[in-house]
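Student: Handing you a structure now.
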Amino acid sequence: MSESNGRRSRQNNDKRSNKTKTKAKKKNKILFFLQISFLLIIVIGFVGAGVTVGLVKAALKDVKPVDPSKIPMMLDENSVIFDSSGNLLEKIQSTGLRTVVKYEDIDEDLKNAFRATEDRTFFEHQGFNYRRLAGAMIEGLKNQRMPKGTSTITQQLARNIYLAEIKSEKSITRKIKEAYYAVQIERALKKEQIFEAYLNTIYLGSGAKGVQAAAQTYFSKDAKDLDLIESALIAGITQSPTRHSPFVTKNKVNVSDDDYILDDSDELYTIVFNEDSLDRFGDVLYFMRINDFITEAEYEEAKNVDLKTKLKPGKLKNTDISSFFTDLVKNEVIEALMAEFPDEITTREQAQNMLYTQGLQIYSTLDLGIQTKLENIYANNGNFPKITSKKDKAGNILKPVKKSGRIVRYTLVLYKQENLISKDSHLIIPKDQFKYSDNGDLILLKNNRLTFSKTKDGVLVRVKDSYKVNDKNELFSYKGGSVRIPPQYKFLDKGNNLIVSSEFLQSTPDFFTKDSNGNLLISKDNYSISSKGTIQPQSSAVIVDYRTGELKALIGGRNIKGQKQFNRAINPRQPGSSIKPLAIYAPALDNGWTAASIIDDVPHYDGKGNRWPKNWYRDGFWGLMTIRKALQWSSNVPPVILSERIGVSTSVDYLKKMGITTVVESGSRTDMNSSAMALGGMTNGISPLELTAAYGSLANKGVHIKPYSFTKVTDKNGTIILENKPLKNYVVSPQVAFLMTDIMRSGVEEQGVGTKARVKNMSVAGKTGTTSDKIDAWFVGYTPYYATGVWIGNDLQTALPDGSKLSAILWSKIMTEVHKDLPDKEFEKPEGIVRVAIDTKSGKLPTELSQQAGTVRSEYFIEGTQPKERDDVHVEAVICEESGKLATEYCPDTSIGKRIMVKRPVPYNPEEHDGIVPTDFKDELPTEYCDIHTSNFIENNVPLDDLPIGTMVLPNGTKVLPDGSKILIDGTIIYPDGTIKHPSDNSNSEEGTNLQEPDTVDSNESNDNNGYDW
Ligand SMILES: [Zn+2]
């Protein structure tokens, strides 16, 4: 027979057998129906036969045809996440890639543990145990609820494979279906295949599906290498994966001294031992013993093993990209599942199990190419600043404590770790930080290396945070853990010092010891410090396609591996000046202001009459400026003035429309003030993700789209179960959005504080943000393609070596990479925008004088809002150049001239502001007349040719030099320090008239701006 013939005949056979199977299935169903109905009528005699038959009939009415022979191929049911191009990002599970483990490779102890616990007669029965099922029926009918622990291994498999989605269905109906499918499975598969499928699909807590995943999760080993104890522990989880999982993952603040810590390496969570797993473990051993799977000796030995010491949490997996994005996707899918199926999925745990075990296909929005570029930039520590914090003599890091803007003292925020811990890993308490009471109690004094806080379980004693610097001068911070003094032996005294009872000291003499200098030592088993340092400063970045709302890339921290890490991209920080475009300027332009509206940047006062805010620039105040200039240079006074005009609640409304969810509107500390809305000193702040999407609404023609991380989720059969439709929200008109874009573009591309964010050959609009004391540095902005936000800061809120410049530079690096192959496009200009030449001191149409003053620029307006009036701020006046005041008849012709001056619409009087003048005040039209050239001037006229420019002559003829020296009419010189030189002294006259360099402004002083600079 030729080969092709052979194949054909095999195909024929297949067809035939398929037909036969279909027939057989129908027959099976009828047979099953008769069997089960008959059985139930016998057992449940007191219920009418009709009812029973009806029940069974109803249950089997809608059973779907299944093909259990496919089960072995369906075992790999991890949910998967794809990127936007269909690249596999992650197979979802808590530990390393799950592989299906073969029956013959599964350890005998493990098989026996499951048999003993779940289904003793597994190898004998036909799928279900009639007696157990009937018992369950009666129980179910009586109590109207799901009877527990009555399912065979085959039934459990049937439930996991075919009935996962109908958990909420009425229990008896489900039981019947379960039994029906179990029979199908038993007919199609060998016992070994069923057992193998069962062990590979069962959910075993902590995200582990199947025994292999569980073995990795709990013991960091393969299922074939599990011993008796480990097998019993895993088999014990089955009954209630949440309750009997040997791990509990706790938020760090909830970890108490009673918890046995298994893994403390994560920043936010600690894995602790779950005492509740012990009981069930004992049960499993007992069942194994009574079924003779283990000997009495083995039983006795196993019972007494300390389970805690057996556990070894699995290594968190590493992939090419950090897990921040996929963690976010998983979280959003879990929330979407709960929202979409509120009846079926009632707890987060259920949604999580579905995610881990149901073979969902998650189509994420991530662009792997962009994410990889972002990861590469973040992997290079050279792209980030080094910490240059103030330290004390011992090298501990300090942070200033301020009172009304002035530093009053420093407080220690990070111990240098070698000051805290000795070479042999003892925690050192210096001898002046503890004492003993008369009755021998140890008193640990507060405000030192340990913190004491009251919790509902007693006093929590924690080690303060510390840092280490590596040989590359990179700083890593380490979270302090707890000191494990049992609760009954510690309490706080009236002064909040910690008392450790003498009873404890006597019963546990090794807990506290002393070194040769009399310092107290705590041995390393009795306290904890996170083993993994976190590099500082930290940073996060978000890239959004603002046209769709799709999140293209996200990073929540640098040099951080592992899953479920603290995601700085979705947690709020103070936005500083980066709030100005959103909360102030966009609302202002939407409410009648224009880019050319003028605000006078002069001293301003808060409600208590204190001068506030300060600008970041050294020369204080710049005077009359347009809104464009105020935003370009991130001035602080103009947005505060605008905030007072438009109202704080207007700002809040716009922020909400732009998707900001963290504005605090009520309570003891709110954001309902200009400090928060105009300068970004908010209560909680804004997350990089929300801030970036808010900027995206200006990029997207005024329409905000809530950013999202996945487009759709299908079940394992490809049916769509979740779909994300963009949630759009109108914020401002396309015209206002364009004006904002162009103003922010000029702040980057022309001049201003954003010029470090330029990207070669690409249009950029954006804004910087620096919070007080340089704690946070931001740049948020966009190109014609993407909106991106970058934040840099220390987790401990200490100062950065520089402000927003750091983030602008990083932003430019990221965007240069991301836009490498993209052609430049200009930002699109909508209809209804006109371009008009204006004068930038009046905000009106230029005159000849504005041209001469050099204050003309071209400006965009929404049609109809352009100015109609001409510049009335620039005026021409005859000025005496010697006095700088209006000339009089006495001023000599040689000293008078016509000048273009500024005449403020609202006059400014320096005397009302401690003599402070804005920089444009030198051009202010004088109100006084020349007082040098008066009627008696002629007599005392002295030539000034050889004296420095700026010398003034008083009416009595005394000349006042710019440095303050005075030359009297008889030639006597009085120096500023009071020394006098008479004309007869024959020394060099230049010495005394030397002009001194103005004092360099102390950089510390200029940094202390009592608010938020740019
Ligand atoms: Zn004059």
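Please note that chains go A, B, ... in the order of the structure tokens, that every chain numbers its residues from 1, and that ligands are numbered from 1 in the order shown.
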Return as a ChimeraX atom specification the residues of protein, DNA or RNA that approach ligand 1 to within 12 Å, with only C-alpha atoms and all ligand atoms taken into account.
Tutor: /A:878-897,928-935,937-938,952-955
Student: Would you put the residues from that selection into a file with N, CA and C atoms, as a tab-separated table (two decimals), in the first residue's frame?
Tutor:
```tsv
chain	number	residue	atom	x	y	z
A	878	VAL	N	10.05	114.15	27.74
A	878	VAL	CA	11.36	114.83	27.77
A	878	VAL	C	11.93	114.61	29.16
A	879	ILE	N	13.07	113.99	29.21
A	879	ILE	CA	13.66	113.56	30.47
A	879	ILE	C	15.02	114.23	30.63
A	880	CYS	N	15.29	114.63	31.85
A	880	CYS	CA	16.64	115.09	32.14
A	880	CYS	C	17.46	113.86	32.49
A	881	GLU	N	18.48	113.61	31.72
A	881	GLU	CA	19.21	112.36	31.90
A	881	GLU	C	19.99	112.32	33.19
A	882	GLU	N	20.31	113.48	33.71
A	882	GLU	CA	21.09	113.48	34.95
A	882	GLU	C	20.24	113.05	36.14
A	883	SER	N	19.04	113.51	36.19
A	883	SER	CA	18.19	113.13	37.32
A	883	SER	C	17.29	111.95	36.98
A	884	GLY	N	17.13	111.70	35.70
A	884	GLY	CA	16.21	110.64	35.29
A	884	GLY	C	14.76	111.05	35.48
A	885	LYS	N	14.54	112.32	35.76
A	885	LYS	CA	13.17	112.78	35.99
A	885	LYS	C	12.73	113.69	34.84
A	886	LEU	N	11.49	114.13	34.92
A	886	LEU	CA	10.99	115.01	33.87
A	886	LEU	C	11.81	116.30	33.85
A	887	ALA	N	12.19	116.73	32.64
A	887	ALA	CA	13.04	117.91	32.52
A	887	ALA	C	12.26	119.17	32.85
A	888	THR	N	13.01	120.20	33.36
A	888	THR	CA	12.39	121.52	33.62
A	888	THR	C	13.15	122.55	32.80
A	889	GLU	N	12.70	123.78	32.96
A	889	GLU	CA	13.35	124.87	32.23
A	889	GLU	C	14.80	125.04	32.63
A	890	TYR	N	15.15	124.55	33.85
A	890	TYR	CA	16.51	124.74	34.32
A	890	TYR	C	17.49	123.69	33.79
A	891	CYS	N	16.97	122.59	33.26
A	891	CYS	CA	17.86	121.53	32.79
A	891	CYS	C	18.60	122.01	31.54
A	892	PRO	N	19.93	121.84	31.52
A	892	PRO	CA	20.69	122.28	30.35
A	892	PRO	C	20.30	121.45	29.12
A	893	ASP	N	20.38	122.03	27.96
A	893	ASP	CA	20.01	121.35	26.72
A	893	ASP	C	20.78	120.05	26.54
A	894	THR	N	22.04	120.05	27.02
A	894	THR	CA	22.89	118.87	26.82
A	894	THR	C	22.42	117.68	27.65
A	895	SER	N	21.64	117.90	28.68
A	895	SER	CA	21.23	116.77	29.52
A	895	SER	C	19.78	116.34	29.28
A	896	ILE	N	19.08	116.99	28.39
A	896	ILE	CA	17.70	116.57	28.17
A	896	ILE	C	17.55	115.80	26.86
A	897	GLY	N	16.58	114.93	26.84
A	897	GLY	CA	16.35	114.18	25.62
A	897	GLY	C	14.97	113.54	25.65
A	928	GLU	N	7.95	112.95	38.93
A	928	GLU	CA	8.57	114.14	39.53
A	928	GLU	C	9.43	114.87	38.50
A	929	TYR	N	9.65	116.13	38.84
A	929	TYR	CA	10.49	116.95	37.95
A	929	TYR	C	11.92	116.97	38.45
A	930	CYS	N	12.84	117.25	37.55
A	930	CYS	CA	14.26	117.27	37.86
A	930	CYS	C	14.54	118.12	39.10
A	931	ASP	N	15.31	117.54	40.05
A	931	ASP	CA	15.65	118.30	41.25
A	931	ASP	C	17.15	118.57	41.33
A	932	ILE	N	17.86	118.32	40.22
A	932	ILE	CA	19.29	118.68	40.18
A	932	ILE	C	19.42	120.09	39.61
A	933	HIS	N	18.76	120.26	38.49
A	933	HIS	CA	18.84	121.58	37.85
A	933	HIS	C	17.71	122.44	38.37
A	934	THR	N	18.06	123.17	39.46
A	934	THR	CA	17.04	124.05	40.04
A	934	THR	C	17.52	125.49	39.87
A	935	SER	N	16.80	126.42	40.47
A	935	SER	CA	17.15	127.84	40.25
A	935	SER	C	18.55	128.18	40.75
A	937	PHE	N	21.13	126.15	40.68
A	937	PHE	CA	22.03	125.18	40.11
A	937	PHE	C	23.24	125.85	39.46
A	938	ILE	N	22.96	126.99	38.80
A	938	ILE	CA	24.00	127.63	37.99
A	938	ILE	C	25.28	127.87	38.80
A	952	MET	N	25.52	111.48	40.72
A	952	MET	CA	24.45	112.47	40.86
A	952	MET	C	25.02	113.73	41.50
A	953	VAL	N	24.44	114.86	41.11
A	953	VAL	CA	24.86	116.11	41.76
A	953	VAL	C	23.68	116.66	42.55
A	954	LEU	N	23.93	116.85	43.84
A	954	LEU	CA	22.85	117.39	44.67
A	954	LEU	C	22.78	118.90	44.47
A	955	PRO	N	21.64	119.51	44.81
A	955	PRO	CA	21.51	120.96	44.60
A	955	PRO	C	22.62	121.78	45.26
```
Student: If you run DSSP on this backbone, which residues of stretch 403-617 of chain A come out as strand (DSSP E or B), and could you give them as a ChimeraX atom specification?
Tutor: /A:403,406-416,421,427-429,434-436,442-444,450-455,458-463,466-469,475-478,480-483,490-492,498-500,512-514,520-522,527-529,534-536,538-545,550-555,573,598-601,605,611
Student: Hey, which of A:Thr711, A:Ser674, A:Gln574, A:Asn160 ends up closest to A:Met354? Count only C-alpha atoms.
Tutor: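 Closest to A:Met354, using only C-alpha atoms: A:Asn160.
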Student: Please return, as a list in words, all residues of stretch 562-627 of chain A that DSSP assigns to helix (DSSP H, G or I) on the basis of the backbone.
Tutor: Gly576, Ser577, Ser578, Ile579, Lys580, Pro581, Leu582, Ala583, Ile584, Tyr585, Ala586, Pro587, Ala588, Leu589, Asp590 and Ile627 of chain A
Student: Tell me, as a VMD selection string, which residues lie within 8 Å of stretch 370-378 of chain A, counting only C-alpha atoms; anything in the same chain fewer than 3 positions away does not count.
Tutor: chain A and resid 321 to 322 366 to 367 381 383 552 to 555 558 to 559 813 to 814 817 to 818
Student: Return the single residue from A:Asn448, A:Asp493, A:Thr173, A:Phe779 that is closest to A:Lys431, with distances computed using only C-alpha atoms.
Tutor: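 Ranking A:Asn448, A:Asp493, A:Thr173, A:Phe779 by distance to A:Lys431, first place goes to A:Asn448.
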Student: May I have the residues within 10 Å of stretch 420-427 of chain A as a PyMOL selection string, using only C-alpha atoms and disregarding those fewer than 4 positions away in the same chain?
Tutor: chain A and resi 396+415-416+449+463-467+483+512-513+515+519-529
Student: So that I can check the surroundings of stretch 652-663 of chain A, please list as a PyMOL selection string every protein, DNA and RNA residue that reaches within 7 Å of it, counting only C-alpha atoms and ignoring chain neighbours fewer than 4 positions away.
Tutor: chain A and resi 582-583+587+648+671+684-686+690+694+697+704+706+729+731
Student: Work out how far atom CA of A:Met744 is from atom CA of A:Leu631, in Å to one decimal.
Tutor: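 Interatomic distance, atom CA of A:Leu631 to atom CA of A:Met744: 7.4 Å.
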Student: Please list as an mmCIF file with N, CA, C and O atoms, in the first residue's frame every residue within 9 Å of A:Glu104, counting only C-alpha atoms and excluding residues in the same chain fewer than 4 positions away.
Tutor:
```cif
data_model
loop_
_atom_site.group_PDB
_atom_site.id
_atom_site.type_symbol
_atom_site.label_atom_id
_atom_site.label_comp_id
_atom_site.auth_asym_id
_atom_site.auth_seq_id
_atom_site.Cartn_x
_atom_site.Cartn_y
_atom_site.Cartn_z
ATOM 1 N N GLU A 108 5.340 10.517 43.985
ATOM 2 C CA GLU A 108 4.310 9.630 44.556
ATOM 3 C C GLU A 108 3.658 10.237 45.796
ATOM 4 O O GLU A 108 2.444 10.153 45.984
ATOM 5 N N GLU A 192 -4.924 7.926 34.650
ATOM 6 C CA GLU A 192 -3.675 8.678 34.797
ATOM 7 C C GLU A 192 -3.776 10.035 34.108
ATOM 8 O O GLU A 192 -3.266 11.043 34.592
ATOM 9 N N GLU A 196 -3.466 13.585 35.910
ATOM 10 C CA GLU A 196 -2.466 14.534 35.418
ATOM 11 C C GLU A 196 -3.133 15.890 35.104
ATOM 12 O O GLU A 196 -2.640 16.943 35.501
#
```
Student: Which residue is closest to A:Phe324? Choose from A:Lys312, A:Arg187, A:Arg568, A:Lys399 and count only C-alpha atoms.
Tutor: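 That would be A:Arg568, the residue with the smallest distance to A:Phe324.
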Student: With distances taken over only C-alpha atoms, which of A:Gly647, A:Trp593, A:Val748, A:Pro639 is nearest to A:Gln866?
Tutor: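 For A:Gln866, the nearest of the given residues is A:Trp593.
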Student: Do you know which residues are at most 8 Å from A:Val764 counting only C-alpha atoms, after dropping those on the same chain fewer than 6 positions away, and could you put them as number ranges by chain?
Tutor: A: 745, 748-749, 757-758, 781-784
Student: Using only C-alpha atoms, which of A:Ile720, A:Leu475, A:Ile967, A:Ala799 sits nearest A:Pro400?
Tutor: A:Ala799
Student: Out of A:Val960, A:Val63, A:Ala302, A:Leu311, which residue has the shortest atom-to-atom distance to A:Ile229 when counting only C-alpha atoms?
Tutor: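 Closest candidate: A:Ala302.
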Student: How far is it from atom CA of A:Leu89 to atom CA of A:Phe710, in Å with one decimal?
Tutor: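 Between atom CA of A:Leu89 and atom CA of A:Phe710 the gap works out to 12.3 Å.
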